[in-house]
Every structure is written in structure tokens, then in C-alpha cells.
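A.B. asks: Provided herewith is a single structure, encoded as C-alpha cells, for subsequent inquiry.
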Amino acid sequence: MSDHIRLITFDLDDTLWDVKPALELAEAAQWHYLESRFPSLDLRQTPREQIAEIRTSLLTEEPALAHHISQFRRRFISKLLHFYGVEPIEADHAASEAFARFYEDRHRVAVYEGALTVLTTLRQRYRLGALTNGNADVRKTPIGACFDFAWRAEEFGVSKPDPRLFHQAFAAAGVAAREVVHIGDCHDNDVAGAIDAGAQAIWFNPAGDTSPIGCPVVTQLSELPAAVYSLKTPE
């Protein structure tokens, strides 16, 4: 049974909501700001090769940006503007403003049907945490009040599936890995990552695929409480 579980952690994007519509809104807000501020620059027509070059150069200069995606986005915008001749100070300021527009709409998510009910049910017995590689802050979303903890990879400088991210989050919550079950849609990052860190995992997979490492699979969020309750105490 699941009496040993003290914390349930959730991935966010594509686990509790479809991330694509929110990202599209956020990207549109970012570009609208930049185009309004720099109407003479045809920023969206930047050749793909140039965009790839800027991204590659950023990660080459600062590999840690791979785990700090908000900072990476701001730096990318600044470098893009500098490429078009905008002075560095103005480019940095505009990049920060553009990111602010992006980040506001990043949280205009439509949670999956039944998500609030499931979270409310689970919270009656367990503490809940959000653990994401993305930069969404669950506390800024309609389901934020359901969570006791909210962790983003960029706060730790390491990303799933690295066990260090899981271990740091578990330590912050004051629990051992064996007392945690993690739920997410990405088998490598969420399922394999959590299990490698010593936790249990449930794979949210609407297609109903079978986990190659044998973890429980749910095809809809409404199945989660039963799946959690059925987990056995680790050996």
C-alpha cells in the first residue's frame, strides 16, 4: 500500500496542462513587444542559421545556461538585438522587458480536465510538489494553491533526469527518496529519472504505452489516486 508515501511530485508541462497553447501566446507577446519597440528591424525573418549560431555560441560560452532557460531566453534576445546593431545596454533592457511579456503569458495555461479534482483528492493525504525542467511557476497558475512546494530546474542549475535535481528537491521537503512518487509525461526525464534517484514513479501517458521499466501507467489524470494508493512499499 501507499502508506510510506509522504510527498507526490508532479511534472507540469504536458502533465497537468498542454504547454503548446501557452507557449504560443507567450512567444507572440514577446515578439509583439520587440517589434513595437524596434519597428525597423525584421526580427522574425532572422535566418534559421543565424538563430542556431546565436544559440550555439551562448551555450558554448556558458554551458550552465542549458539549465537556466529563463536566463537563456533573455540572453538570446539580447544577442539577437545586438546582431541587428542595437547597443548592448539597450539590448539587455529590451530583452528583460520582452521576457517579462513572455513570462506573464507563459502562465496562461488551461489545466487538463479533472486536474484540480485529482490534486485536491491527493492533497488530503499527501504533500504535493511541482518539479519541472521548464520555467513555469505553478503558483502563478489556477492550480497553484494545491501545491506545498514548487521547484524549477533553473533554481538548482541541474535538470531532470539528473538524480541531483530530485535529491535536492526531496531534501528541501525533508523527505527521503523512498517516500516520494513522481508523476510525469516524459519517460526518460520523469520516470527513469525519478527511479534512478530512488523514488517511485507513475507515467502519465495518454496513448497507453507500456513502460519499459515496468512502472505504473495512467492514461488520464482521474486514474492517479488509485494508482498512487496501489503502490507497494519499496523493498
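Going through the C-alpha cells in order, the chains are called A, B, and so on, while each chain numbers its residues from 1 and the ligands are numbered from 1 in the order shown.
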Can you list, as an NGL selection string, all residues belonging to stretch 53-145 of chain A that DSSP tags as helix (DSSP H, G or I)?
C.D. replies: :A and (53-61 or 63-67 or 69-83 or 88-106 or 115-123 or 138-140 or 144-145)
A.B. asks: List the spatial neighbours of A:Val111 as a list of chain:residue names - criterion: any atom at most 8 Å away, only C-alpha atoms, same-chain residues fewer than 5 positions off excluded.
C.D. replies: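 Once the nearby chain positions are removed, what remains is A:Leu16, A:Trp17, A:Asp18, A:Leu116, A:Pro142, A:Ile143.
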A.B. asks: Kindly export the residues of the current selection with C-alpha atoms, as a PDB file, in the first residue's frame.
C.D. replies:
ATOM      1  CA  LEU A  16      -1.058  18.934 -15.869  1.00  0.00           C
ATOM      2  CA  TRP A  17      -1.676  21.090 -18.948  1.00  0.00           C
ATOM      3  CA  ASP A  18      -0.949  21.238 -22.675  1.00  0.00           C
ATOM      4  CA  LEU A 116      -7.927  20.195  -9.929  1.00  0.00           C
ATOM      5  CA  PRO A 142      -5.040  28.300 -11.438  1.00  0.00           C
ATOM      6  CA  ILE A 143      -3.888  25.182  -9.541  1.00  0.00           C
TER       7      ILE A 143
END
A.B. asks: Quick one: contact table of stretch 133-224 of chain A to stretch 22-27 of chain A, 12 Å max, nearest atom pair and distance in Å to one decimal per residue, counting only C-alpha atoms, chain and number order, as JSON lines?
C.D. replies:
{"residue": "A:Gly134", "atom": "CA", "partner": "A:Leu23", "partner_atom": "CA", "distance": 11.0}
{"residue": "A:Asn135", "atom": "CA", "partner": "A:Leu23", "partner_atom": "CA", "distance": 11.1}
{"residue": "A:Ala136", "atom": "CA", "partner": "A:Ala22", "partner_atom": "CA", "distance": 10.3}
{"residue": "A:Thr141", "atom": "CA", "partner": "A:Ala22", "partner_atom": "CA", "distance": 11.4}
A.B. asks: Which residues come within 8 Å of stretch 148-160 of chain A, counting only C-alpha atoms, excluding same-chain residues fewer than 6 positions away, as a ChimeraX atom specification?
C.D. replies: /A:64,67-70,127-139,166,168-169,173,189-190,193
A.B. asks: Counting only C-alpha atoms, figure out which residue out of A:Ala94, A:Ala110, A:Ser78, A:Leu43 gets nearest to A:Lys20.
C.D. replies: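 Checking each of A:Ala94, A:Ala110, A:Ser78, A:Leu43 against A:Lys20, counting only C-alpha atoms, the winner is A:Ala110.
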A.B. asks: Write down as a list in words the residues of stretch 3-212 of chain A whose backbone DSSP state falls under strand (DSSP E or B).
C.D. replies: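 Written out, the strand (DSSP E or B) residues of stretch 3-212 of chain A are Leu7, Ile8, Thr9, Phe10, Asp13, Trp17, Val111, Arg127, Leu128, Gly129, Ala130, Leu131, Thr132, Phe149, Ala150, Trp151, Arg152, Val180, Val181, His182, Ile183, Gly184, Gln200, Ala201, Ile202, Trp203 and Phe204 of chain A.
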A.B. asks: Let me see the file: selected residues, N, CA and C atoms, as a tab-separated table (two decimals), in the first residue's frame.
C.D. replies:
chain	number	residue	atom	x	y	z
A	7	LEU	N	5.30	12.45	-0.01
A	7	LEU	CA	5.32	13.55	-0.99
A	7	LEU	C	5.05	13.01	-2.38
A	8	ILE	N	4.20	13.69	-3.12
A	8	ILE	CA	3.98	13.41	-4.54
A	8	ILE	C	4.46	14.62	-5.32
A	9	THR	N	5.37	14.40	-6.26
A	9	THR	CA	5.84	15.49	-7.11
A	9	THR	C	5.29	15.32	-8.52
A	10	PHE	N	4.99	16.43	-9.15
A	10	PHE	CA	4.43	16.44	-10.49
A	10	PHE	C	5.31	17.23	-11.45
A	13	ASP	N	4.45	20.83	-17.51
A	13	ASP	CA	4.12	20.93	-18.94
A	13	ASP	C	3.80	19.56	-19.53
A	17	TRP	N	-1.07	20.26	-17.91
A	17	TRP	CA	-1.68	21.09	-18.95
A	17	TRP	C	-0.92	20.89	-20.25
A	111	VAL	N	-5.53	24.03	-17.55
A	111	VAL	CA	-5.20	22.73	-16.98
A	111	VAL	C	-6.11	21.65	-17.55
A	127	ARG	N	1.59	15.58	0.85
A	127	ARG	CA	2.05	16.88	0.40
A	127	ARG	C	2.35	16.79	-1.09
A	128	LEU	N	2.15	17.89	-1.80
A	128	LEU	CA	2.35	17.91	-3.24
A	128	LEU	C	3.44	18.91	-3.61
A	129	GLY	N	4.25	18.54	-4.60
A	129	GLY	CA	5.28	19.43	-5.11
A	129	GLY	C	5.31	19.43	-6.62
A	130	ALA	N	5.68	20.56	-7.19
A	130	ALA	CA	5.88	20.66	-8.64
A	130	ALA	C	7.37	20.63	-8.90
A	131	LEU	N	7.79	19.80	-9.86
A	131	LEU	CA	9.21	19.64	-10.17
A	131	LEU	C	9.36	19.64	-11.69
A	132	THR	N	9.80	20.75	-12.24
A	132	THR	CA	9.78	20.94	-13.69
A	132	THR	C	11.12	21.39	-14.24
A	149	PHE	N	5.02	22.75	-2.46
A	149	PHE	CA	6.36	23.08	-2.94
A	149	PHE	C	6.31	23.32	-4.45
A	150	ALA	N	7.19	24.19	-4.92
A	150	ALA	CA	7.31	24.45	-6.35
A	150	ALA	C	8.78	24.62	-6.69
A	151	TRP	N	9.33	23.68	-7.46
A	151	TRP	CA	10.75	23.72	-7.81
A	151	TRP	C	10.91	23.74	-9.31
A	152	ARG	N	11.83	24.58	-9.77
A	152	ARG	CA	12.19	24.63	-11.18
A	152	ARG	C	13.66	24.29	-11.32
A	180	VAL	N	8.78	9.21	-1.83
A	180	VAL	CA	8.27	10.09	-2.88
A	180	VAL	C	7.80	9.27	-4.07
A	181	VAL	N	6.72	9.72	-4.69
A	181	VAL	CA	6.33	9.23	-6.01
A	181	VAL	C	6.26	10.43	-6.94
A	182	HIS	N	6.90	10.31	-8.09
A	182	HIS	CA	6.92	11.40	-9.07
A	182	HIS	C	6.06	11.01	-10.26
A	183	ILE	N	5.32	11.98	-10.78
A	183	ILE	CA	4.39	11.75	-11.88
A	183	ILE	C	4.73	12.69	-13.02
A	184	GLY	N	4.86	12.15	-14.23
A	184	GLY	CA	5.18	13.00	-15.38
A	184	GLY	C	4.94	12.30	-16.69
A	200	GLN	N	9.71	6.41	-6.42
A	200	GLN	CA	8.81	5.67	-7.29
A	200	GLN	C	8.26	6.64	-8.35
A	201	ALA	N	7.68	6.10	-9.40
A	201	ALA	CA	7.18	6.96	-10.47
A	201	ALA	C	5.92	6.36	-11.08
A	202	ILE	N	5.10	7.26	-11.59
A	202	ILE	CA	3.92	6.88	-12.38
A	202	ILE	C	4.00	7.65	-13.68
A	203	TRP	N	3.85	6.95	-14.78
A	203	TRP	CA	3.96	7.56	-16.10
A	203	TRP	C	2.59	8.00	-16.57
A	204	PHE	N	2.42	9.29	-16.82
A	204	PHE	CA	1.20	9.80	-17.44
A	204	PHE	C	1.38	9.71	-18.94
A.B. asks: For A:Leu41, which residue out of A:Ala197, A:Pro21, A:Leu80, A:Leu59 is the nearest one, using only C-alpha atoms?
C.D. replies: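 The closest residue to A:Leu41 is A:Leu80.
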